Amino acid sequence: VKVGSFDTGAKQKMRLSSVLKYQEQAGEIHLATDYGYDYKEILKNGVVFVLVNTESVIHRMPTFGENLTIHTWNKQLKGLKFFRCYNWIDEKGETVIESTSVFVLVSANEHKIVKPDALGFELPTEENHENAVGNPSKIHLPKEMSAIGSKKILFSMLDRNEHLNNALYADFLVDFVEPEQAKGVCKAEIDYVKEASLSDVVEVYRAQEGNTVYLKGVRQSDDTVIFRGSL
């Protein structure tokens, strides 16, 4: 990856959403090149991968013009959950970001969770290959949270399945904390609870405990929780 101007924001640092976009691409490249299964081939089996959680430890955020290498591997299959790791390495050989994402398989038509063998091929795992993140799990939010604003899902925010793009959930998080907090993120967690669609209005709630800011997105029309997050 070479960090382009379109990947960066304030202080020429990479956006958190761009980090998640490149990780998504790295996973797809890994599946396609090592196993011959890209998104279209997996879809032929009537299933798709759906992201459940993602967690990133950010030692430093990459900057404009930097060249980095993303290493990704299938860490383990635990029950219905696939754990995939990502390590970002800079030109000095130093690790700058470590992430783990959790996926499940769902049926393409009904969007119901299915067993891993519905994938149609076996993904080798590297359970002894760890990074600093471990296995992400559900974020436990504070009981008291305050509504601080809302955002509408617009056409440009949709993915190929016509839902809010996974990476753009990160923009929800950084847009609803103080700018100085957004610039100093060293850890980010997102739980993908429900899909958000075109024209949905998502009300955002926030609370802070110590150095951690917690956020929750709720669909305005039916009070459904869309995401939980922490920075």
# chains A, B, ... in the order shown; residues from 1 in each chain; ligands from 1

call {"tool": "residues_around", "arguments": {"residues": "stretch 85-91 of chain A", "least_positions_apart": "6", "cutoff": "10 Å", "atoms": "only C-alpha atoms", "output": "PDB file with all heavy atoms, in the first residue's frame"}}
result
ATOM      1  N   VAL A   1       0.844  -1.179   0.000  1.00  0.00           N
ATOM      2  CA  VAL A   1       0.000   0.000   0.000  1.00  0.00           C
ATOM      3  C   VAL A   1       0.882   1.232   0.000  1.00  0.00           C
ATOM      4  O   VAL A   1       1.831   1.325   0.769  1.00  0.00           O
ATOM      5  CB  VAL A   1      -0.902   0.025   1.260  1.00  0.00           C
ATOM      6  CG1 VAL A   1      -1.626   1.356   1.368  1.00  0.00           C
ATOM      7  CG2 VAL A   1      -1.881  -1.120   1.249  1.00  0.00           C
ATOM      8  N   VAL A  19      -7.843   2.617   6.676  1.00  0.00           N
ATOM      9  CA  VAL A  19      -7.196   1.418   7.227  1.00  0.00           C
ATOM     10  C   VAL A  19      -8.109   0.212   7.040  1.00  0.00           C
ATOM     11  O   VAL A  19      -7.683  -0.852   6.563  1.00  0.00           O
ATOM     12  CB  VAL A  19      -6.874   1.620   8.730  1.00  0.00           C
ATOM     13  CG1 VAL A  19      -6.405   0.303   9.365  1.00  0.00           C
ATOM     14  CG2 VAL A  19      -5.814   2.695   8.907  1.00  0.00           C
ATOM     15  N   GLN A  23      -7.641  -3.243   4.677  1.00  0.00           N
ATOM     16  CA  GLN A  23      -7.685  -4.565   5.304  1.00  0.00           C
ATOM     17  C   GLN A  23      -8.715  -5.456   4.609  1.00  0.00           C
ATOM     18  O   GLN A  23      -8.461  -6.649   4.378  1.00  0.00           O
ATOM     19  CB  GLN A  23      -7.996  -4.424   6.800  1.00  0.00           C
ATOM     20  CG  GLN A  23      -6.829  -3.847   7.565  1.00  0.00           C
ATOM     21  CD  GLN A  23      -7.080  -3.674   9.050  1.00  0.00           C
ATOM     22  OE1 GLN A  23      -6.183  -3.292   9.795  1.00  0.00           O
ATOM     23  NE2 GLN A  23      -8.279  -3.958   9.518  1.00  0.00           N
ATOM     24  N   GLU A  24      -9.852  -4.877   4.263  1.00  0.00           N
ATOM     25  CA  GLU A  24     -10.868  -5.637   3.530  1.00  0.00           C
ATOM     26  C   GLU A  24     -10.302  -6.124   2.193  1.00  0.00           C
ATOM     27  O   GLU A  24     -10.479  -7.287   1.806  1.00  0.00           O
ATOM     28  CB  GLU A  24     -12.095  -4.761   3.288  1.00  0.00           C
ATOM     29  CG  GLU A  24     -13.224  -5.464   2.549  1.00  0.00           C
ATOM     30  CD  GLU A  24     -14.439  -4.567   2.341  1.00  0.00           C
ATOM     31  OE1 GLU A  24     -14.544  -3.523   3.014  1.00  0.00           O
ATOM     32  OE2 GLU A  24     -15.273  -4.925   1.493  1.00  0.00           O
ATOM     33  N   ALA A  26      -7.118  -6.570   1.446  1.00  0.00           N
ATOM     34  CA  ALA A  26      -6.059  -7.557   1.682  1.00  0.00           C
ATOM     35  C   ALA A  26      -6.652  -8.946   1.907  1.00  0.00           C
ATOM     36  O   ALA A  26      -6.133  -9.947   1.390  1.00  0.00           O
ATOM     37  CB  ALA A  26      -5.212  -7.141   2.884  1.00  0.00           C
ATOM     38  N   GLY A  27      -7.749  -9.017   2.670  1.00  0.00           N
ATOM     39  CA  GLY A  27      -8.392 -10.306   2.904  1.00  0.00           C
ATOM     40  C   GLY A  27      -8.936 -10.914   1.626  1.00  0.00           C
ATOM     41  O   GLY A  27      -8.810 -12.119   1.385  1.00  0.00           O
ATOM     42  N   THR A  54     -14.475  -5.754  14.640  1.00  0.00           N
ATOM     43  CA  THR A  54     -13.101  -5.488  14.248  1.00  0.00           C
ATOM     44  C   THR A  54     -12.448  -4.669  15.342  1.00  0.00           C
ATOM     45  O   THR A  54     -13.093  -3.844  15.992  1.00  0.00           O
ATOM     46  CB  THR A  54     -13.007  -4.765  12.887  1.00  0.00           C
ATOM     47  OG1 THR A  54     -11.649  -4.733  12.457  1.00  0.00           O
ATOM     48  CG2 THR A  54     -13.553  -3.342  12.966  1.00  0.00           C
ATOM     49  N   GLU A  55     -11.179  -4.940  15.573  1.00  0.00           N
ATOM     50  CA  GLU A  55     -10.424  -4.210  16.597  1.00  0.00           C
ATOM     51  C   GLU A  55      -9.027  -3.930  16.055  1.00  0.00           C
ATOM     52  O   GLU A  55      -8.403  -4.805  15.448  1.00  0.00           O
ATOM     53  CB  GLU A  55     -10.349  -5.026  17.879  1.00  0.00           C
ATOM     54  CG  GLU A  55      -9.617  -4.333  19.013  1.00  0.00           C
ATOM     55  CD  GLU A  55      -9.646  -5.140  20.313  1.00  0.00           C
ATOM     56  OE1 GLU A  55     -10.565  -5.962  20.489  1.00  0.00           O
ATOM     57  OE2 GLU A  55      -8.729  -4.935  21.146  1.00  0.00           O
ATOM     58  N   SER A  56      -8.550  -2.717  16.265  1.00  0.00           N
ATOM     59  CA  SER A  56      -7.226  -2.310  15.790  1.00  0.00           C
ATOM     60  C   SER A  56      -6.438  -1.649  16.910  1.00  0.00           C
ATOM     61  O   SER A  56      -6.974  -0.815  17.644  1.00  0.00           O
ATOM     62  CB  SER A  56      -7.339  -1.324  14.618  1.00  0.00           C
ATOM     63  OG  SER A  56      -8.002  -1.908  13.513  1.00  0.00           O
ATOM     64  N   VAL A  57      -5.175  -2.044  17.026  1.00  0.00           N
ATOM     65  CA  VAL A  57      -4.217  -1.355  17.889  1.00  0.00           C
ATOM     66  C   VAL A  57      -3.320  -0.528  16.977  1.00  0.00           C
ATOM     67  O   VAL A  57      -2.679  -1.069  16.068  1.00  0.00           O
ATOM     68  CB  VAL A  57      -3.381  -2.350  18.718  1.00  0.00           C
ATOM     69  CG1 VAL A  57      -2.273  -1.626  19.485  1.00  0.00           C
ATOM     70  CG2 VAL A  57      -4.277  -3.116  19.679  1.00  0.00           C
ATOM     71  N   ILE A  58      -3.313   0.786  17.198  1.00  0.00           N
ATOM     72  CA  ILE A  58      -2.602   1.699  16.312  1.00  0.00           C
ATOM     73  C   ILE A  58      -1.381   2.245  17.046  1.00  0.00           C
ATOM     74  O   ILE A  58      -1.496   3.081  17.941  1.00  0.00           O
ATOM     75  CB  ILE A  58      -3.524   2.847  15.857  1.00  0.00           C
ATOM     76  CG1 ILE A  58      -4.736   2.268  15.124  1.00  0.00           C
ATOM     77  CG2 ILE A  58      -2.767   3.830  14.956  1.00  0.00           C
ATOM     78  CD1 ILE A  58      -5.900   3.217  15.004  1.00  0.00           C
ATOM     79  N   PRO A  62      -0.229   5.687   9.735  1.00  0.00           N
ATOM     80  CA  PRO A  62       0.581   5.987   8.548  1.00  0.00           C
ATOM     81  C   PRO A  62       0.286   7.387   8.008  1.00  0.00           C
ATOM     82  O   PRO A  62      -0.803   7.930   8.221  1.00  0.00           O
ATOM     83  CB  PRO A  62       0.144   4.908   7.549  1.00  0.00           C
ATOM     84  CG  PRO A  62      -0.359   3.790   8.397  1.00  0.00           C
ATOM     85  CD  PRO A  62      -1.002   4.445   9.583  1.00  0.00           C
ATOM     86  N   GLU A  66       3.622   7.278   2.433  1.00  0.00           N
ATOM     87  CA  GLU A  66       4.310   6.114   3.003  1.00  0.00           C
ATOM     88  C   GLU A  66       4.004   4.844   2.219  1.00  0.00           C
ATOM     89  O   GLU A  66       2.895   4.654   1.715  1.00  0.00           O
ATOM     90  CB  GLU A  66       3.877   5.884   4.455  1.00  0.00           C
ATOM     91  CG  GLU A  66       4.780   6.492   5.485  1.00  0.00           C
ATOM     92  CD  GLU A  66       4.556   5.872   6.864  1.00  0.00           C
ATOM     93  OE1 GLU A  66       3.701   6.375   7.593  1.00  0.00           O
ATOM     94  OE2 GLU A  66       5.256   4.878   7.188  1.00  0.00           O
ATOM     95  N   ASN A  67       4.997   3.959   2.162  1.00  0.00           N
ATOM     96  CA  ASN A  67       4.805   2.618   1.605  1.00  0.00           C
ATOM     97  C   ASN A  67       4.755   1.614   2.747  1.00  0.00           C
ATOM     98  O   ASN A  67       5.640   1.606   3.607  1.00  0.00           O
ATOM     99  CB  ASN A  67       5.955   2.265   0.659  1.00  0.00           C
ATOM    100  CG  ASN A  67       5.930   3.094  -0.602  1.00  0.00           C
ATOM    101  OD1 ASN A  67       5.000   3.005  -1.402  1.00  0.00           O
ATOM    102  ND2 ASN A  67       6.950   3.923  -0.785  1.00  0.00           N
ATOM    103  N   LEU A  68       3.711   0.786   2.761  1.00  0.00           N
ATOM    104  CA  LEU A  68       3.541  -0.203   3.817  1.00  0.00           C
ATOM    105  C   LEU A  68       3.138  -1.537   3.223  1.00  0.00           C
ATOM    106  O   LEU A  68       2.616  -1.606   2.104  1.00  0.00           O
ATOM    107  CB  LEU A  68       2.465   0.255   4.821  1.00  0.00           C
ATOM    108  CG  LEU A  68       2.705   1.620   5.457  1.00  0.00           C
ATOM    109  CD1 LEU A  68       1.704   2.623   4.921  1.00  0.00           C
ATOM    110  CD2 LEU A  68       2.636   1.548   6.966  1.00  0.00           C
ATOM    111  N   THR A  69       3.379  -2.586   3.965  1.00  0.00           N
ATOM    112  CA  THR A  69       2.965  -3.931   3.564  1.00  0.00           C
ATOM    113  C   THR A  69       1.967  -4.448   4.589  1.00  0.00           C
ATOM    114  O   THR A  69       2.196  -4.336   5.798  1.00  0.00           O
ATOM    115  CB  THR A  69       4.170  -4.883   3.502  1.00  0.00           C
ATOM    116  OG1 THR A  69       5.121  -4.374   2.570  1.00  0.00           O
ATOM    117  CG2 THR A  69       3.731  -6.277   3.064  1.00  0.00           C
ATOM    118  N   ILE A  70       0.859  -4.995   4.112  1.00  0.00           N
ATOM    119  CA  ILE A  70      -0.140  -5.587   4.997  1.00  0.00           C
ATOM    120  C   ILE A  70       0.015  -7.106   4.951  1.00  0.00           C
ATOM    121  O   ILE A  70      -0.100  -7.717   3.883  1.00  0.00           O
ATOM    122  CB  ILE A  70      -1.571  -5.205   4.587  1.00  0.00           C
ATOM    123  CG1 ILE A  70      -1.742  -3.688   4.535  1.00  0.00           C
ATOM    124  CG2 ILE A  70      -2.584  -5.815   5.554  1.00  0.00           C
ATOM    125  CD1 ILE A  70      -3.081  -3.241   3.968  1.00  0.00           C
ATOM    126  N   HIS A  71       0.285  -7.696   6.100  1.00  0.00           N
ATOM    127  CA  HIS A  71       0.300  -9.151   6.232  1.00  0.00           C
ATOM    128  C   HIS A  71      -1.055  -9.582   6.789  1.00  0.00           C
ATOM    129  O   HIS A  71      -1.534  -9.006   7.762  1.00  0.00           O
ATOM    130  CB  HIS A  71       1.406  -9.592   7.201  1.00  0.00           C
ATOM    131  CG  HIS A  71       2.788  -9.284   6.726  1.00  0.00           C
ATOM    132  ND1 HIS A  71       3.625 -10.242   6.203  1.00  0.00           N
ATOM    133  CD2 HIS A  71       3.476  -8.111   6.665  1.00  0.00           C
ATOM    134  CE1 HIS A  71       4.790  -9.683   5.854  1.00  0.00           C
ATOM    135  NE2 HIS A  71       4.707  -8.393   6.130  1.00  0.00           N
ATOM    136  N   THR A  72      -1.661 -10.593   6.190  1.00  0.00           N
ATOM    137  CA  THR A  72      -2.951 -11.070   6.696  1.00  0.00           C
ATOM    138  C   THR A  72      -2.967 -12.589   6.700  1.00  0.00           C
ATOM    139  O   THR A  72      -2.352 -13.239   5.853  1.00  0.00           O
ATOM    140  CB  THR A  72      -4.126 -10.511   5.861  1.00  0.00           C
ATOM    141  OG1 THR A  72      -5.360 -10.927   6.461  1.00  0.00           O
ATOM    142  CG2 THR A  72      -4.089 -10.977   4.412  1.00  0.00           C
ATOM    143  N   TRP A  73      -3.670 -13.146   7.696  1.00  0.00           N
ATOM    144  CA  TRP A  73      -3.764 -14.596   7.793  1.00  0.00           C
ATOM    145  C   TRP A  73      -5.048 -14.992   8.521  1.00  0.00           C
ATOM    146  O   TRP A  73      -5.631 -14.198   9.256  1.00  0.00           O
ATOM    147  CB  TRP A  73      -2.540 -15.175   8.516  1.00  0.00           C
ATOM    148  CG  TRP A  73      -2.368 -14.775   9.955  1.00  0.00           C
ATOM    149  CD1 TRP A  73      -2.747 -15.473  11.063  1.00  0.00           C
ATOM    150  CD2 TRP A  73      -1.750 -13.571  10.450  1.00  0.00           C
ATOM    151  NE1 TRP A  73      -2.414 -14.798  12.217  1.00  0.00           N
ATOM    152  CE2 TRP A  73      -1.792 -13.622  11.867  1.00  0.00           C
ATOM    153  CE3 TRP A  73      -1.168 -12.457   9.840  1.00  0.00           C
ATOM    154  CZ2 TRP A  73      -1.291 -12.605  12.678  1.00  0.00           C
ATOM    155  CZ3 TRP A  73      -0.659 -11.439  10.644  1.00  0.00           C
ATOM    156  CH2 TRP A  73      -0.723 -11.516  12.043  1.00  0.00           C
ATOM    157  N   ASN A  74      -5.484 -16.221   8.272  1.00  0.00           N
ATOM    158  CA  ASN A  74      -6.641 -16.776   8.970  1.00  0.00           C
ATOM    159  C   ASN A  74      -6.154 -17.339  10.293  1.00  0.00           C
ATOM    160  O   ASN A  74      -5.445 -18.353  10.318  1.00  0.00           O
ATOM    161  CB  ASN A  74      -7.281 -17.890   8.142  1.00  0.00           C
ATOM    162  CG  ASN A  74      -7.736 -17.399   6.782  1.00  0.00           C
ATOM    163  OD1 ASN A  74      -8.511 -16.469   6.681  1.00  0.00           O
ATOM    164  ND2 ASN A  74      -7.214 -18.032   5.732  1.00  0.00           N
ATOM    165  N   LYS A  75      -6.528 -16.679  11.382  1.00  0.00           N
ATOM    166  CA  LYS A  75      -6.022 -17.109  12.677  1.00  0.00           C
ATOM    167  C   LYS A  75      -6.700 -18.384  13.155  1.00  0.00           C
ATOM    168  O   LYS A  75      -6.039 -19.358  13.506  1.00  0.00           O
ATOM    169  CB  LYS A  75      -6.213 -15.994  13.712  1.00  0.00           C
ATOM    170  CG  LYS A  75      -5.707 -16.350  15.100  1.00  0.00           C
ATOM    171  CD  LYS A  75      -5.987 -15.235  16.080  1.00  0.00           C
ATOM    172  CE  LYS A  75      -5.582 -15.658  17.482  1.00  0.00           C
ATOM    173  NZ  LYS A  75      -5.921 -14.645  18.487  1.00  0.00           N
ATOM    174  N   GLN A  76      -8.038 -18.377  13.184  1.00  0.00           N
ATOM    175  CA  GLN A  76      -8.726 -19.573  13.654  1.00  0.00           C
ATOM    176  C   GLN A  76     -10.201 -19.532  13.280  1.00  0.00           C
ATOM    177  O   GLN A  76     -10.753 -18.484  12.951  1.00  0.00           O
ATOM    178  CB  GLN A  76      -8.587 -19.736  15.170  1.00  0.00           C
ATOM    179  CG  GLN A  76      -9.303 -18.692  15.992  1.00  0.00           C
ATOM    180  CD  GLN A  76      -9.170 -18.944  17.496  1.00  0.00           C
ATOM    181  OE1 GLN A  76      -8.946 -18.014  18.245  1.00  0.00           O
ATOM    182  NE2 GLN A  76      -9.300 -20.182  17.936  1.00  0.00           N
ATOM    183  N   ILE A  97       0.407  -0.933  12.750  1.00  0.00           N
ATOM    184  CA  ILE A  97      -0.992  -1.233  13.081  1.00  0.00           C
ATOM    185  C   ILE A  97      -1.148  -2.747  13.168  1.00  0.00           C
ATOM    186  O   ILE A  97      -0.593  -3.486  12.350  1.00  0.00           O
ATOM    187  CB  ILE A  97      -1.975  -0.688  12.019  1.00  0.00           C
ATOM    188  CG1 ILE A  97      -1.860   0.833  11.886  1.00  0.00           C
ATOM    189  CG2 ILE A  97      -3.421  -1.075  12.355  1.00  0.00           C
ATOM    190  CD1 ILE A  97      -2.679   1.407  10.729  1.00  0.00           C
ATOM    191  N   GLU A  98      -1.914  -3.198  14.167  1.00  0.00           N
ATOM    192  CA  GLU A  98      -2.281  -4.611  14.289  1.00  0.00           C
ATOM    193  C   GLU A  98      -3.790  -4.682  14.454  1.00  0.00           C
ATOM    194  O   GLU A  98      -4.369  -3.956  15.266  1.00  0.00           O
ATOM    195  CB  GLU A  98      -1.580  -5.251  15.487  1.00  0.00           C
ATOM    196  CG  GLU A  98      -0.060  -5.206  15.386  1.00  0.00           C
ATOM    197  CD  GLU A  98       0.629  -5.754  16.627  1.00  0.00           C
ATOM    198  OE1 GLU A  98       0.720  -6.990  16.742  1.00  0.00           O
ATOM    199  OE2 GLU A  98       1.061  -4.941  17.462  1.00  0.00           O
ATOM    200  N   SER A  99      -4.428  -5.555  13.688  1.00  0.00           N
ATOM    201  CA  SER A  99      -5.887  -5.647  13.711  1.00  0.00           C
ATOM    202  C   SER A  99      -6.340  -7.097  13.658  1.00  0.00           C
ATOM    203  O   SER A  99      -5.625  -7.967  13.145  1.00  0.00           O
ATOM    204  CB  SER A  99      -6.509  -4.905  12.515  1.00  0.00           C
ATOM    205  OG  SER A  99      -6.180  -3.542  12.514  1.00  0.00           O
ATOM    206  N   THR A 100      -7.541  -7.320  14.162  1.00  0.00           N
ATOM    207  CA  THR A 100      -8.215  -8.599  13.994  1.00  0.00           C
ATOM    208  C   THR A 100      -9.676  -8.324  13.681  1.00  0.00           C
ATOM    209  O   THR A 100     -10.300  -7.466  14.309  1.00  0.00           O
ATOM    210  CB  THR A 100      -8.117  -9.469  15.258  1.00  0.00           C
ATOM    211  OG1 THR A 100      -6.738  -9.709  15.576  1.00  0.00           O
ATOM    212  CG2 THR A 100      -8.822 -10.808  15.056  1.00  0.00           C
ATOM    213  N   SER A 101     -10.211  -9.030  12.698  1.00  0.00           N
ATOM    214  CA  SER A 101     -11.621  -8.922  12.347  1.00  0.00           C
ATOM    215  C   SER A 101     -12.285 -10.287  12.487  1.00  0.00           C
ATOM    216  O   SER A 101     -11.653 -11.326  12.281  1.00  0.00           O
ATOM    217  CB  SER A 101     -11.795  -8.413  10.913  1.00  0.00           C
ATOM    218  OG  SER A 101     -11.375  -7.062  10.812  1.00  0.00           O
ATOM    219  N   VAL A 102     -13.562 -10.270  12.836  1.00  0.00           N
ATOM    220  CA  VAL A 102     -14.340 -11.489  13.027  1.00  0.00           C
ATOM    221  C   VAL A 102     -15.461 -11.517  11.989  1.00  0.00           C
ATOM    222  O   VAL A 102     -16.186 -10.532  11.819  1.00  0.00           O
ATOM    223  CB  VAL A 102     -14.953 -11.539  14.441  1.00  0.00           C
ATOM    224  CG1 VAL A 102     -15.667 -12.873  14.660  1.00  0.00           C
ATOM    225  CG2 VAL A 102     -13.889 -11.315  15.499  1.00  0.00           C
ATOM    226  N   GLU A 126      -3.869 -20.467  11.327  1.00  0.00           N
ATOM    227  CA  GLU A 126      -2.568 -20.337  11.988  1.00  0.00           C
ATOM    228  C   GLU A 126      -2.818 -19.872  13.417  1.00  0.00           C
ATOM    229  O   GLU A 126      -2.617 -18.710  13.759  1.00  0.00           O
ATOM    230  CB  GLU A 126      -1.684 -19.335  11.237  1.00  0.00           C
ATOM    231  CG  GLU A 126      -1.414 -19.703   9.786  1.00  0.00           C
ATOM    232  CD  GLU A 126      -0.565 -18.672   9.065  1.00  0.00           C
ATOM    233  OE1 GLU A 126       0.494 -18.292   9.613  1.00  0.00           O
ATOM    234  OE2 GLU A 126      -0.965 -18.229   7.984  1.00  0.00           O
ATOM    235  N   HIS A 129      -0.136 -18.058  15.385  1.00  0.00           N
ATOM    236  CA  HIS A 129       0.344 -16.779  14.826  1.00  0.00           C
ATOM    237  C   HIS A 129      -0.507 -15.662  15.415  1.00  0.00           C
ATOM    238  O   HIS A 129      -1.632 -15.419  14.988  1.00  0.00           O
ATOM    239  CB  HIS A 129       0.236 -16.821  13.305  1.00  0.00           C
ATOM    240  CG  HIS A 129       0.922 -15.683  12.618  1.00  0.00           C
ATOM    241  ND1 HIS A 129       0.971 -15.560  11.251  1.00  0.00           N
ATOM    242  CD2 HIS A 129       1.588 -14.603  13.098  1.00  0.00           C
ATOM    243  CE1 HIS A 129       1.628 -14.469  10.925  1.00  0.00           C
ATOM    244  NE2 HIS A 129       2.011 -13.867  12.029  1.00  0.00           N
ATOM    245  N   GLU A 130       0.007 -14.993  16.435  1.00  0.00           N
ATOM    246  CA  GLU A 130      -0.744 -13.997  17.184  1.00  0.00           C
ATOM    247  C   GLU A 130      -0.340 -12.579  16.780  1.00  0.00           C
ATOM    248  O   GLU A 130       0.707 -12.366  16.184  1.00  0.00           O
ATOM    249  CB  GLU A 130      -0.493 -14.164  18.693  1.00  0.00           C
ATOM    250  CG  GLU A 130      -0.984 -15.479  19.268  1.00  0.00           C
ATOM    251  CD  GLU A 130      -2.457 -15.458  19.597  1.00  0.00           C
ATOM    252  OE1 GLU A 130      -3.100 -14.401  19.417  1.00  0.00           O
ATOM    253  OE2 GLU A 130      -2.979 -16.500  20.034  1.00  0.00           O
ATOM    254  N   ASN A 131      -1.198 -11.615  17.115  1.00  0.00           N
ATOM    255  CA  ASN A 131      -0.774 -10.219  17.119  1.00  0.00           C
ATOM    256  C   ASN A 131      -1.248  -9.595  18.428  1.00  0.00           C
ATOM    257  O   ASN A 131      -1.707 -10.292  19.326  1.00  0.00           O
ATOM    258  CB  ASN A 131      -1.256  -9.461  15.879  1.00  0.00           C
ATOM    259  CG  ASN A 131      -2.761  -9.332  15.788  1.00  0.00           C
ATOM    260  OD1 ASN A 131      -3.490  -9.604  16.748  1.00  0.00           O
ATOM    261  ND2 ASN A 131      -3.249  -8.923  14.632  1.00  0.00           N
ATOM    262  N   ALA A 132      -1.129  -8.274  18.548  1.00  0.00           N
ATOM    263  CA  ALA A 132      -1.394  -7.608  19.829  1.00  0.00           C
ATOM    264  C   ALA A 132      -2.875  -7.513  20.175  1.00  0.00           C
ATOM    265  O   ALA A 132      -3.219  -7.118  21.279  1.00  0.00           O
ATOM    266  CB  ALA A 132      -0.779  -6.207  19.816  1.00  0.00           C
ATOM    267  N   VAL A 133      -3.749  -7.889  19.252  1.00  0.00           N
ATOM    268  CA  VAL A 133      -5.178  -7.667  19.451  1.00  0.00           C
ATOM    269  C   VAL A 133      -5.866  -8.814  20.180  1.00  0.00           C
ATOM    270  O   VAL A 133      -6.711  -8.596  21.056  1.00  0.00           O
ATOM    271  CB  VAL A 133      -5.875  -7.408  18.093  1.00  0.00           C
ATOM    272  CG1 VAL A 133      -7.380  -7.264  18.279  1.00  0.00           C
ATOM    273  CG2 VAL A 133      -5.303  -6.159  17.445  1.00  0.00           C
ATOM    274  N   GLY A 134      -5.532 -10.041  19.845  1.00  0.00           N
ATOM    275  CA  GLY A 134      -6.283 -11.163  20.391  1.00  0.00           C
ATOM    276  C   GLY A 134      -7.582 -11.342  19.631  1.00  0.00           C
ATOM    277  O   GLY A 134      -7.680 -10.981  18.448  1.00  0.00           O
ATOM    278  N   ASN A 135      -8.608 -11.869  20.297  1.00  0.00           N
ATOM    279  CA  ASN A 135      -9.894 -12.111  19.652  1.00  0.00           C
ATOM    280  C   ASN A 135     -10.914 -11.066  20.104  1.00  0.00           C
ATOM    281  O   ASN A 135     -11.295 -11.033  21.279  1.00  0.00           O
ATOM    282  CB  ASN A 135     -10.423 -13.504  20.001  1.00  0.00           C
ATOM    283  CG  ASN A 135      -9.633 -14.604  19.320  1.00  0.00           C
ATOM    284  OD1 ASN A 135      -8.818 -14.339  18.441  1.00  0.00           O
ATOM    285  ND2 ASN A 135      -9.860 -15.839  19.723  1.00  0.00           N
TER     286      ASN A 135
END

call {"tool": "residues_around", "arguments": {"residues": "A:Gly4", "least_positions_apart": "3", "cutoff": "7 Å", "atoms": "only C-alpha atoms", "output": "number ranges by chain"}}
result
A: 7-8, 64-65

call {"tool": "select_by_dssp", "arguments": {"residues": "stretch 1-79 of chain A", "states": "strand (DSSP E)", "output": "list in words"}}
result
Val47, Val48, Phe49, Val50, Leu51, Val52, Asn53, Thr54, Glu55, Ser56, Val57, Ile58, Thr69, Ile70, His71, Thr72, Trp73, Asn74, Lys75, Gln76, Leu77 and Lys78 of chain A

call {"tool": "atom_distance", "arguments": {"atom1": "atom CA of A:Thr95", "atom2": "atom CA of A:Lys216"}}
result
29.8 Å

call {"tool": "closest_residue", "arguments": {"among": "A:Pro142, A:Gly36, A:Pro124, A:Gly46", "to": "A:Glu110", "atoms": "only C-alpha atoms"}}
result
A:Gly46

call {"tool": "closest_residue", "arguments": {"among": "A:Gly210, A:Met61, A:Val52, A:Lys187", "to": "A:Met14", "atoms": "only C-alpha atoms"}}
result
A:Met61

call {"tool": "residues_around", "arguments": {"residues": "A:His140", "least_positions_apart": "5", "cutoff": "10 Å", "atoms": "only C-alpha atoms", "output": "ChimeraX atom specification"}}
result
/A:214,228-230

call {"tool": "write_last_selection", "arguments": {"atoms": "N, CA and C atoms", "output": "PDB file, in the first residue's frame"}}
result
ATOM      1  N   TYR A 214     -16.966   5.818  24.185  1.00  0.00           N
ATOM      2  CA  TYR A 214     -17.866   4.780  23.686  1.00  0.00           C
ATOM      3  C   TYR A 214     -18.951   5.434  22.835  1.00  0.00           C
ATOM      4  N   ARG A 228     -21.946  -0.617  17.738  1.00  0.00           N
ATOM      5  CA  ARG A 228     -21.316  -0.184  18.975  1.00  0.00           C
ATOM      6  C   ARG A 228     -19.850   0.059  18.670  1.00  0.00           C
ATOM      7  N   GLY A 229     -19.251   1.043  19.313  1.00  0.00           N
ATOM      8  CA  GLY A 229     -17.848   1.313  19.037  1.00  0.00           C
ATOM      9  C   GLY A 229     -17.141   1.932  20.215  1.00  0.00           C
ATOM     10  N   SER A 230     -15.813   1.881  20.178  1.00  0.00           N
ATOM     11  CA  SER A 230     -15.013   2.570  21.187  1.00  0.00           C
ATOM     12  C   SER A 230     -13.710   3.032  20.554  1.00  0.00           C
TER      13      SER A 230
END

call {"tool": "residues_around", "arguments": {"residues": "A:Thr212", "least_positions_apart": "6", "cutoff": "12 Å", "atoms": "only C-alpha atoms", "output": "MDAnalysis selection string"}}
result
chainID A and resid 139 141:142 173 177 181:182 184:189 206 229:231

call {"tool": "closest_residue", "arguments": {"among": "A:Val47, A:Ile42, A:Ile226, A:Val193", "to": "A:Leu105", "atoms": "only C-alpha atoms"}}
result
A:Val47

call {"tool": "select_by_dssp", "arguments": {"residues": "stretch 14-138 of chain A", "states": "alpha helix (DSSP H)", "output": "PyMOL selection string"}}
result
chain A and resi 16-35+39-44
